[in-house]
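Pasting input09.tsv here (TSV, C-alpha atoms):
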```tsv
chain	number	residue	atom	x	y	z
R	1431	MET	CA	0.00	0.00	0.00
R	1432	ASN	CA	1.41	3.38	-0.96
R	1433	THR	CA	1.79	5.52	2.15
R	1434	ARG	CA	3.36	8.54	0.46
R	1435	PRO	CA	1.53	11.79	1.21
R	1436	ALA	CA	-0.61	13.19	-1.55
R	1437	ILE	CA	0.96	15.89	-3.63
R	1438	VAL	CA	-0.22	19.44	-2.98
R	1439	LEU	CA	-1.56	20.72	-6.29
R	1440	LEU	CA	-1.26	24.48	-6.17
R	1441	GLY	CA	-2.66	25.18	-9.58
R	1442	VAL	CA	-3.20	23.76	-13.04
R	1443	LEU	CA	-4.11	26.00	-15.95
R	1444	THR	CA	-4.75	25.03	-19.56
R	1445	LEU	CA	-3.75	27.06	-22.57
R	1446	MET	CA	-3.79	25.57	-26.08
R	1447	VAL	CA	-1.00	26.47	-28.49
R	1448	LEU	CA	-0.97	25.14	-32.02
R	1449	PRO	CA	1.92	22.74	-32.75
R	1450	ALA	CA	4.59	24.04	-35.08
R	1451	CYS	CA	5.50	22.72	-38.51
R	1452	SER	CA	8.72	21.22	-39.83
R	1453	THR	CA	11.76	23.02	-41.19
R	1454	SER	CA	15.35	22.02	-41.85
R	1455	ARG	CA	17.07	24.26	-39.33
R	1456	SER	CA	19.80	22.48	-37.37
R	1457	SER	CA	20.61	22.83	-33.67
R	1458	PRO	CA	22.84	21.39	-30.94
R	1459	GLY	CA	22.51	17.62	-30.84
R	1460	GLY	CA	20.08	17.53	-33.76
R	1461	HIS	CA	17.38	18.90	-31.47
R	1462	GLU	CA	14.12	18.12	-33.19
R	1463	SER	CA	12.11	21.00	-31.72
R	1464	ALA	CA	14.35	23.42	-33.61
R	1465	GLN	CA	13.33	21.59	-36.78
R	1466	ARG	CA	9.93	23.22	-36.49
R	1467	GLU	CA	8.80	26.40	-38.13
R	1468	ARG	CA	7.69	28.74	-35.40
R	1469	THR	CA	4.09	29.76	-36.04
R	1470	ILE	CA	2.86	33.00	-34.50
R	1471	THR	CA	-0.10	31.95	-32.37
R	1472	GLY	CA	-0.72	35.14	-30.39
R	1473	ARG	CA	-0.86	33.01	-27.25
R	1474	TRP	CA	1.58	33.02	-24.34
R	1475	ALA	CA	1.90	31.82	-20.75
R	1476	ILE	CA	4.20	32.42	-17.80
R	1477	VAL	CA	4.63	30.98	-14.30
R	1478	ILE	CA	7.00	31.97	-11.47
R	1479	HIS	CA	7.83	30.57	-8.03
R	1480	GLY	CA	9.44	31.94	-4.88
R	1481	GLY	CA	10.64	28.64	-3.45
R	1482	ALA	CA	9.13	25.60	-1.75
R	1483	GLY	CA	9.23	25.75	2.04
R	1484	MET	CA	7.23	26.06	5.22
R	1485	LEU	CA	5.98	29.63	5.48
R	1486	ASP	CA	3.73	30.07	8.50
R	1487	THR	CA	0.05	30.26	7.57
R	1488	SER	CA	-0.50	32.52	10.57
R	1489	MET	CA	1.72	35.27	9.15
R	1490	PRO	CA	0.17	38.76	9.30
R	1491	GLU	CA	-1.96	39.86	6.39
R	1492	SER	CA	0.56	42.59	5.65
R	1493	GLU	CA	3.27	39.96	5.12
R	1494	ARG	CA	1.01	37.91	2.85
R	1495	GLN	CA	0.33	41.03	0.83
R	1496	ALA	CA	4.05	41.74	0.60
R	1497	TYR	CA	4.66	38.30	-0.93
R	1498	HIS	CA	1.78	38.87	-3.33
R	1499	ASP	CA	3.17	42.25	-4.36
R	1500	SER	CA	6.64	40.81	-4.90
R	1501	LEU	CA	5.30	38.02	-7.10
R	1502	ASP	CA	3.12	40.51	-8.96
R	1503	ARG	CA	6.11	42.71	-9.82
R	1504	ALA	CA	8.07	39.76	-11.17
R	1505	LEU	CA	5.12	38.34	-13.07
R	1506	SER	CA	4.37	41.74	-14.59
R	1507	ALA	CA	7.97	42.07	-15.80
R	1508	GLY	CA	7.73	38.76	-17.66
R	1509	GLU	CA	4.22	39.48	-18.91
R	1510	ALA	CA	5.30	42.78	-20.44
R	1511	VAL	CA	7.82	40.95	-22.60
R	1512	LEU	CA	5.38	38.29	-23.76
R	1513	LYS	CA	2.49	40.68	-24.38
R	1514	SER	CA	4.68	42.73	-26.70
R	1515	GLY	CA	5.59	39.63	-28.71
R	1516	GLY	CA	8.99	39.19	-27.06
R	1517	ALA	CA	10.88	35.96	-26.57
R	1518	SER	CA	10.30	33.56	-23.69
R	1519	LEU	CA	14.03	33.76	-22.90
R	1520	ASP	CA	13.74	37.51	-22.34
R	1521	ALA	CA	10.63	36.99	-20.22
R	1522	VAL	CA	12.17	34.49	-17.79
R	1523	GLU	CA	15.29	36.61	-17.38
R	1524	ALA	CA	13.23	39.73	-16.68
R	1525	ALA	CA	11.05	38.01	-14.09
R	1526	VAL	CA	13.92	36.33	-12.27
R	1527	ARG	CA	15.95	39.56	-12.14
R	1528	VAL	CA	13.10	41.19	-10.22
R	1529	LEU	CA	13.07	38.31	-7.72
R	1530	GLU	CA	16.88	38.38	-7.38
R	1531	ASP	CA	16.68	42.06	-6.43
R	1532	ASP	CA	13.98	41.38	-3.81
R	1533	PRO	CA	15.48	40.46	-0.39
R	1534	ARG	CA	12.33	38.52	0.46
R	1535	PHE	CA	13.64	35.61	-1.62
R	1536	ASN	CA	16.67	33.34	-1.49
R	1537	ALA	CA	18.37	34.60	-4.65
R	1538	GLY	CA	20.62	37.57	-5.31
R	1539	ARG	CA	20.21	40.18	-2.56
R	1540	GLY	CA	18.82	38.44	0.51
R	1541	ALA	CA	20.18	35.00	-0.37
R	1542	VAL	CA	20.89	32.60	2.49
R	1543	LEU	CA	24.37	32.42	4.00
R	1544	THR	CA	27.01	29.71	4.05
R	1545	ARG	CA	28.65	28.56	7.28
R	1546	ASP	CA	31.30	31.21	6.60
R	1547	GLY	CA	28.63	33.92	6.59
R	1548	THR	CA	28.91	34.60	2.86
R	1549	CYS	CA	26.54	34.33	-0.10
R	1550	GLU	CA	27.33	31.86	-2.89
R	1551	LEU	CA	24.89	32.29	-5.74
R	1552	ASP	CA	23.76	29.74	-8.34
R	1553	ALA	CA	21.61	30.20	-11.45
R	1554	SER	CA	20.78	28.63	-14.79
R	1555	ILE	CA	18.76	29.45	-17.89
R	1556	MET	CA	17.73	27.35	-20.90
R	1557	ASN	CA	16.31	27.95	-24.37
R	1558	GLY	CA	13.77	25.26	-25.25
R	1559	ARG	CA	14.04	25.81	-29.00
R	1560	THR	CA	17.77	25.18	-29.32
R	1561	LEU	CA	18.67	23.49	-26.01
R	1562	ALA	CA	21.24	26.24	-25.50
R	1563	CYS	CA	21.83	26.81	-21.79
R	1564	GLY	CA	24.10	28.63	-19.36
R	1565	ALA	CA	24.77	28.44	-15.64
R	1566	VAL	CA	26.88	29.82	-12.82
R	1567	ALA	CA	27.62	28.37	-9.39
R	1568	GLY	CA	29.23	29.90	-6.32
R	1569	ALA	CA	29.21	33.48	-7.57
R	1570	LYS	CA	29.95	36.02	-4.82
R	1571	THR	CA	29.86	39.42	-6.53
R	1572	VAL	CA	27.49	39.03	-9.51
R	1573	LYS	CA	24.46	41.22	-8.86
R	1574	ASN	CA	22.09	39.26	-11.11
R	1575	PRO	CA	23.32	35.70	-11.60
R	1576	ILE	CA	20.51	34.86	-14.05
R	1577	SER	CA	21.73	37.50	-16.51
R	1578	PHE	CA	25.30	36.25	-16.16
R	1579	ALA	CA	24.08	32.69	-16.85
R	1580	ARG	CA	22.47	33.94	-20.04
R	1581	ARG	CA	25.67	35.61	-21.18
R	1582	ILE	CA	27.57	32.41	-20.48
R	1583	MET	CA	25.06	30.65	-22.73
R	1584	GLN	CA	25.33	33.20	-25.52
R	1585	GLU	CA	28.96	34.34	-25.38
R	1586	THR	CA	30.98	31.24	-24.48
R	1587	PRO	CA	31.19	27.69	-25.87
R	1588	HIS	CA	30.56	26.36	-22.36
R	1589	ILE	CA	27.57	25.90	-20.05
R	1590	LEU	CA	28.63	26.10	-16.40
R	1591	PHE	CA	31.21	28.33	-14.69
R	1592	THR	CA	32.00	28.21	-10.97
R	1593	GLY	CA	33.84	30.06	-8.22
R	1594	ASP	CA	36.90	32.16	-9.06
R	1595	GLY	CA	36.73	31.30	-12.75
R	1596	ALA	CA	33.17	32.59	-12.87
R	1597	GLU	CA	34.22	35.80	-11.10
R	1598	ARG	CA	37.04	36.41	-13.58
R	1599	LEU	CA	34.72	35.78	-16.52
R	1600	ALA	CA	32.14	38.18	-15.10
R	1601	ALA	CA	34.82	40.85	-14.79
R	1602	SER	CA	36.01	40.33	-18.36
R	1603	MET	CA	32.44	40.56	-19.67
R	1604	GLY	CA	31.64	43.72	-17.74
R	1605	VAL	CA	28.81	41.97	-15.88
R	1606	GLU	CA	27.24	44.17	-13.19
R	1607	ARG	CA	28.91	43.42	-9.85
R	1608	ALA	CA	28.20	44.19	-6.22
R	1609	ASP	CA	30.24	44.06	-3.05
R	1610	PRO	CA	29.61	40.78	-1.17
R	1611	SER	CA	28.02	42.79	1.66
R	1612	TYR	CA	25.23	43.89	-0.73
R	1613	PHE	CA	23.69	40.43	-0.67
R	1614	ILE	CA	23.67	40.00	3.13
R	1615	THR	CA	20.57	40.98	5.13
R	1616	PRO	CA	19.90	40.93	8.90
R	1617	ARG	CA	17.17	38.33	8.39
R	1618	ARG	CA	19.59	35.88	6.77
R	1619	GLN	CA	22.22	36.53	9.44
R	1620	GLU	CA	19.69	35.61	12.12
R	1621	GLN	CA	18.74	32.45	10.22
R	1622	LEU	CA	22.40	31.45	9.96
R	1623	GLU	CA	22.99	31.94	13.68
R	1624	LYS	CA	19.95	29.80	14.50
R	1625	LYS	CA	21.01	27.09	12.08
R	1626	MET	CA	24.56	27.01	13.42
R	1627	ARG	CA	23.21	26.50	16.93
R	1628	GLU	CA	21.13	23.59	15.63
R	1629	LEU	CA	24.13	22.06	13.90
R	1630	ALA	CA	26.09	22.21	17.13
R	1631	GLN	CA	23.53	19.97	18.84
R	1632	PRO	CA	24.07	16.18	18.98
R	1633	LYS	CA	22.80	14.51	15.80
R	1634	THR	CA	19.82	12.17	16.00
R	1635	SER	CA	18.43	9.67	13.52
R	1636	ALA	CA	15.61	12.09	12.82
R	1637	ALA	CA	18.13	14.63	11.55
R	1638	THR	CA	20.02	12.39	9.15
R	1639	HIS	CA	17.87	13.04	6.07
R	1640	ALA	CA	19.24	16.02	4.13
R	1641	PRO	CA	19.25	19.53	5.62
R	1642	SER	CA	16.22	20.20	7.80
R	1643	ASP	CA	15.21	23.47	6.20
R	1644	VAL	CA	13.77	23.20	2.73
R	1645	THR	CA	14.59	26.88	2.52
R	1646	GLN	CA	11.86	28.89	0.91
R	1647	GLY	CA	13.03	31.55	-1.46
R	1648	THR	CA	14.76	29.89	-4.43
R	1649	VAL	CA	13.19	31.55	-7.46
R	1650	GLY	CA	12.32	30.43	-10.94
R	1651	CYS	CA	10.32	31.22	-14.04
R	1652	VAL	CA	9.06	29.31	-17.08
R	1653	ALA	CA	7.53	30.98	-20.12
R	1654	LEU	CA	5.96	30.13	-23.47
R	1655	ASP	CA	5.98	32.88	-26.11
R	1656	ILE	CA	3.73	33.52	-29.10
R	1657	ARG	CA	6.06	31.53	-31.39
R	1658	GLY	CA	5.70	28.42	-29.25
R	1659	ASP	CA	9.18	28.70	-27.76
R	1660	LEU	CA	9.72	27.62	-24.15
R	1661	ALA	CA	12.37	28.89	-21.73
R	1662	ALA	CA	13.16	28.23	-18.08
R	1663	ALA	CA	15.31	29.92	-15.43
R	1664	THR	CA	16.22	29.18	-11.79
R	1665	SER	CA	18.25	31.20	-9.28
R	1666	THR	CA	19.17	30.57	-5.63
R	1667	GLY	CA	21.51	31.07	-2.73
R	1668	GLY	CA	21.18	27.42	-1.76
R	1669	MET	CA	20.57	26.26	1.81
R	1670	THR	CA	21.15	28.10	5.07
R	1671	ALA	CA	24.52	27.14	6.60
R	1672	LYS	CA	25.54	25.12	3.58
R	1673	MET	CA	29.19	24.10	3.44
R	1674	PRO	CA	31.17	26.62	1.37
R	1675	GLY	CA	31.49	25.36	-2.19
R	1676	ARG	CA	28.34	23.24	-2.04
R	1677	VAL	CA	26.32	23.36	-5.26
R	1678	GLY	CA	22.66	22.36	-5.43
R	1679	ASP	CA	20.33	21.62	-8.32
R	1680	SER	CA	19.54	25.17	-9.45
R	1681	PRO	CA	22.54	25.55	-11.82
R	1682	ILE	CA	22.40	21.93	-12.96
R	1683	ILE	CA	20.61	21.55	-16.30
R	1684	GLY	CA	18.23	18.60	-16.09
R	1685	ALA	CA	18.07	18.72	-12.30
R	1686	GLY	CA	16.76	22.14	-11.26
R	1687	CYS	CA	16.07	23.65	-14.67
R	1688	TYR	CA	15.19	22.35	-18.13
R	1689	ALA	CA	13.41	23.48	-21.29
R	1690	ASN	CA	12.67	21.65	-24.53
R	1691	ASN	CA	10.08	22.75	-27.07
R	1692	VAL	CA	9.06	19.15	-27.73
R	1693	SER	CA	7.97	18.66	-24.12
R	1694	LEU	CA	8.07	21.44	-21.52
R	1695	GLY	CA	9.95	23.99	-19.48
R	1696	VAL	CA	10.46	23.48	-15.72
R	1697	SER	CA	12.06	25.18	-12.72
R	1698	CYS	CA	12.53	23.23	-9.48
R	1699	THR	CA	12.94	24.19	-5.83
R	1700	GLY	CA	13.75	22.22	-2.68
R	1701	THR	CA	16.42	19.83	-1.44
R	1702	GLY	CA	18.92	20.16	-4.27
R	1703	GLU	CA	20.73	16.90	-3.65
R	1704	GLN	CA	17.49	15.00	-4.22
R	1705	PHE	CA	16.66	16.84	-7.42
R	1706	ILE	CA	20.18	16.16	-8.72
R	1707	ARG	CA	20.30	12.44	-7.95
R	1708	ASN	CA	16.90	11.96	-9.59
R	1709	ALA	CA	17.55	14.32	-12.54
R	1710	ALA	CA	14.12	15.65	-11.64
R	1711	ALA	CA	13.71	18.34	-14.30
R	1712	HIS	CA	14.70	16.03	-17.15
R	1713	GLU	CA	12.69	13.18	-15.68
R	1714	LEU	CA	9.58	15.34	-15.84
R	1715	SER	CA	10.31	16.13	-19.49
R	1716	SER	CA	10.86	12.45	-20.30
R	1717	LEU	CA	7.60	11.35	-18.70
R	1718	VAL	CA	5.70	13.88	-20.80
R	1719	ARG	CA	7.67	13.31	-24.00
R	1720	TYR	CA	8.11	9.53	-24.07
R	1721	GLN	CA	5.20	8.22	-21.99
R	1722	ASN	CA	2.70	10.82	-23.22
R	1723	LEU	CA	1.64	11.63	-19.67
R	1724	SER	CA	-0.17	14.84	-18.88
R	1725	LEU	CA	1.94	17.52	-17.24
R	1726	ALA	CA	-0.01	17.20	-13.99
R	1727	ASP	CA	0.38	13.40	-13.87
R	1728	ALA	CA	4.09	13.58	-14.68
R	1729	ALA	CA	4.65	16.18	-11.94
R	1730	SER	CA	2.84	13.97	-9.45
R	1731	ILE	CA	5.07	11.00	-10.32
R	1732	VAL	CA	8.28	13.03	-10.00
R	1733	LEU	CA	7.39	14.57	-6.65
R	1734	ASN	CA	5.62	11.59	-5.08
R	1735	GLN	CA	7.46	8.61	-6.54
R	1736	ARG	CA	10.92	9.76	-7.61
R	1737	LEU	CA	11.51	12.17	-4.72
R	1738	ASP	CA	10.87	11.84	-0.98
R	1739	PRO	CA	8.13	13.60	1.01
R	1740	ASP	CA	8.83	17.29	1.57
R	1741	ASP	CA	11.72	17.37	-0.92
R	1742	GLY	CA	10.27	20.40	-2.70
R	1743	GLY	CA	8.21	21.52	-5.66
R	1744	LEU	CA	8.28	22.71	-9.25
R	1745	ILE	CA	6.61	24.90	-11.82
R	1746	ALA	CA	6.26	23.92	-15.46
R	1747	ILE	CA	4.59	24.71	-18.77
R	1748	ASP	CA	4.20	22.10	-21.51
R	1749	ARG	CA	4.32	22.83	-25.23
R	1750	GLU	CA	0.53	23.09	-25.37
R	1751	GLY	CA	0.61	25.83	-22.75
R	1752	ARG	CA	-0.66	23.89	-19.75
R	1753	ILE	CA	0.74	25.16	-16.45
R	1754	VAL	CA	1.41	23.39	-13.15
R	1755	MET	CA	2.53	24.75	-9.78
R	1756	VAL	CA	3.05	21.79	-7.44
R	1757	THR	CA	4.81	21.02	-4.17
R	1758	THR	CA	4.91	18.41	-1.40
R	1759	THR	CA	5.99	20.93	1.26
R	1760	GLY	CA	2.56	22.51	1.70
R	1761	CYS	CA	3.83	25.93	0.67
R	1762	MET	CA	5.30	27.48	-2.45
R	1763	PRO	CA	4.66	31.13	-3.33
R	1764	ALA	CA	3.84	31.07	-7.04
R	1765	ALA	CA	1.97	32.99	-9.69
R	1766	SER	CA	0.98	32.55	-13.31
R	1767	SER	CA	-0.79	34.29	-16.16
R	1768	ASP	CA	-1.62	33.75	-19.81
R	1769	TRP	CA	-2.81	35.54	-22.93
R	1770	ARG	CA	-6.46	35.35	-21.80
R	1771	GLY	CA	-5.69	37.69	-18.92
R	1772	ARG	CA	-5.99	35.02	-16.24
R	1773	ARG	CA	-3.69	35.69	-13.28
R	1774	THR	CA	-3.31	33.17	-10.46
R	1775	PHE	CA	-1.45	33.57	-7.15
R	1776	ARG	CA	-0.78	30.74	-4.68
R	1777	MET	CA	1.05	30.25	-1.39
R	1778	TRP	CA	-0.60	27.35	0.41
R	1779	ASP	CA	-3.04	24.62	-0.54
R	1780	GLN	CA	-5.97	26.68	0.60
```
Mind turning this structure into structure tokens?
Amino acid sequence: MNTRPAIVLLGVLTLMVLPACSTSRSSPGGHESAQRERTITGRWAIVIHGGAGMLDTSMPESERQAYHDSLDRALSAGEAVLKSGGASLDAVEAAVRVLEDDPRFNAGRGAVLTRDGTCELDASIMNGRTLACGAVAGAKTVKNPISFARRIMQETPHILFTGDGAERLAASMGVERADPSYFITPRRQEQLEKKMRELAQPKTSAATHAPSDVTQGTVGCVALDIRGDLAAATSTGGMTAKMPGRVGDSPIIGAGCYANNVSLGVSCTGTGEQFIRNAAAHELSSLVRYQNLSLADAASIVLNQRLDPDDGGLIAIDREGRIVMVTTTGCMPAASSDWRGRRTFRMWDQ
């Protein structure tokens, strides 16, 4: 008998986009979605998340409204791109930049701190039409890691840069930088101090499964533009009191971020080690692409059967424009909208 807890379905929207036709254009790895002529449909969709976690349902109404306003600003930035006929890649970058600049979330300014009291920032972005992608891990002075990840994708022959090498590349590219102190906030310092006290306590069997805080705040965005192109982006500071140099799933293509026009775009959030070992983002794509499962069913399988309870959540859009926002943690601030003018905001399963 399956005793796994039921998945928390935060929202499923449906938006139909006409499939594209065939053309001879080539792409990395013979990617078949780039072999399609992009038909202008006039239809678009976007979804964002602010991280799976355990936000208190008893928080003051003013705090709830603040989360709503933050999500609204990011969603509006992505919407503006899509409504004007812009590319999904531009939309996800625009939305994530807003969230990286918002100290309420665990990305960019306001990211969680390592055991050394520093921020180490990870991000990735992917183009579903070409499978081009870029990522950065362990950045300490890059103001908007998602924009740097995009430049890595577009201006280098590589995908992932880390640590000092990433910092030197950012300097050579003229990427906007910030002093390491810019990213640190009093709230995150308090969280680090609390976590360090917990880590100093004797370990028990109950504390052996991954880090105890599925830290809310990792951010992500997935978008579908009027040409039928998908894109995905994820950005994070990782986990509170992580060991310096630790890298989670957010900058790992196929684990915390993935986009492919023949299936879907997805951004994940939660216990990174679990999403990496299960290649969660790519697994979701494979279930939709090769087993012809619905996006909602595939998401349920990934979160309830591939991952463990409370590991995290994800947002995704398939090539037909259907949207999911799902988590097993009970909480994941998220929002979505589409060309019909429908706007949905979620925090808890209520």
Original post:
Skipping near chain neighbours, those fewer than 4 positions away, what residues fall within 10 Å of region 1504-1515 of chain R using all atoms listed in the file, listed as a ChimeraX atom specification?
Top reply: /R:1470,1472-1479,1499-1500,1519-1530,1532,1651-1657,1764-1769,1773
**OP:** Quick one: everything within 12 Å of Ser1716 (chain R), counting all atoms listed in the file, minus sequence neighbours fewer than 3 positions away in the same chain. Send it as a PyMOL selection string.
**Re:** chain R and resi 1684+1688-1690+1692-1696+1709-1713+1719-1725+1728-1729+1731-1732+1748
Subject >> Residues within 10 Å of (21.3, 27.0, 1.7), counting only C-alpha atoms, listed as a PyMOL selection string >> reply: chain R and resi 1536+1541-1545+1549-1551+1622+1641+1643-1648+1666-1674+1676-1678+1700-1702
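A straight line drawn from CA of Asn1574 (chain R) to CA of Met1556 (chain R) is 16.0 Å long.
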**OP:** Write out as number ranges by chain each polymer residue whose atoms come within 9 Å of Val1605 (chain R), counting all atoms listed in the file; drop sequence neighbours fewer than 5 positions from it.
**Re:** R: 1572-1574, 1577-1578, 1581, 1599-1600
Subject >> d(CA of Arg1749 (chain R), CA of Arg1503 (chain R)) in Å >> reply: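 CA of Arg1503 (chain R) lies at a distance of 25.2 Å from CA of Arg1749 (chain R).
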Subject >> Best match for closeness to Met1762 (chain R) among R:Arg1618, R:Arg1707, R:Arg1539, R:His1498, counting all atoms listed in the file >> reply: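 Closest residue, counting all atoms listed in the file: R:His1498.
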Subject >> Length of the CA of Leu1590 (chain R) to CA of Phe1705 (chain R) vector [Å] >> reply: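 The value is 17.6 Å.
Among R:Arg1772, R:Ile1582, R:Tyr1497, R:Ala1663, the residue with the shortest atom-to-atom distance to Leu1485 (chain R), counting all atoms listed in the file, is R:Tyr1497.
The shortest atom-to-atom distance to Phe1613 (chain R), with all atoms listed in the file taken into account, belongs to R:Thr1571 out of R:Thr1560, R:Thr1571, R:Thr1774, R:Ser1492.
Residue nearest Pro1610 (chain R), chosen from R:Leu1561, R:Gly1538, R:Asp1659, R:Ser1554 and counting all atoms listed in the file: R:Gly1538.
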Subject >> Expected residue set, 8 Å radius at (10.6, 18.8, -4.0), all atoms listed in the file, as a list in words >> reply: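 Checked against the point, the hits come out as Ala1482, Cys1698, Thr1699, Gly1700, Thr1701, Gln1704, Phe1705, Leu1733, Leu1737, Asp1738, Pro1739, Asp1740, Asp1741, Gly1742, Gly1743, Leu1744, Thr1757, Thr1758 and Thr1759 of chain R.
Of the listed residues R:Cys1563, R:Ala1608, R:Ile1747, R:Cys1687, the one whose atoms come nearest to Val1649 (chain R) is R:Cys1687, with distances taken using all atoms listed in the file.
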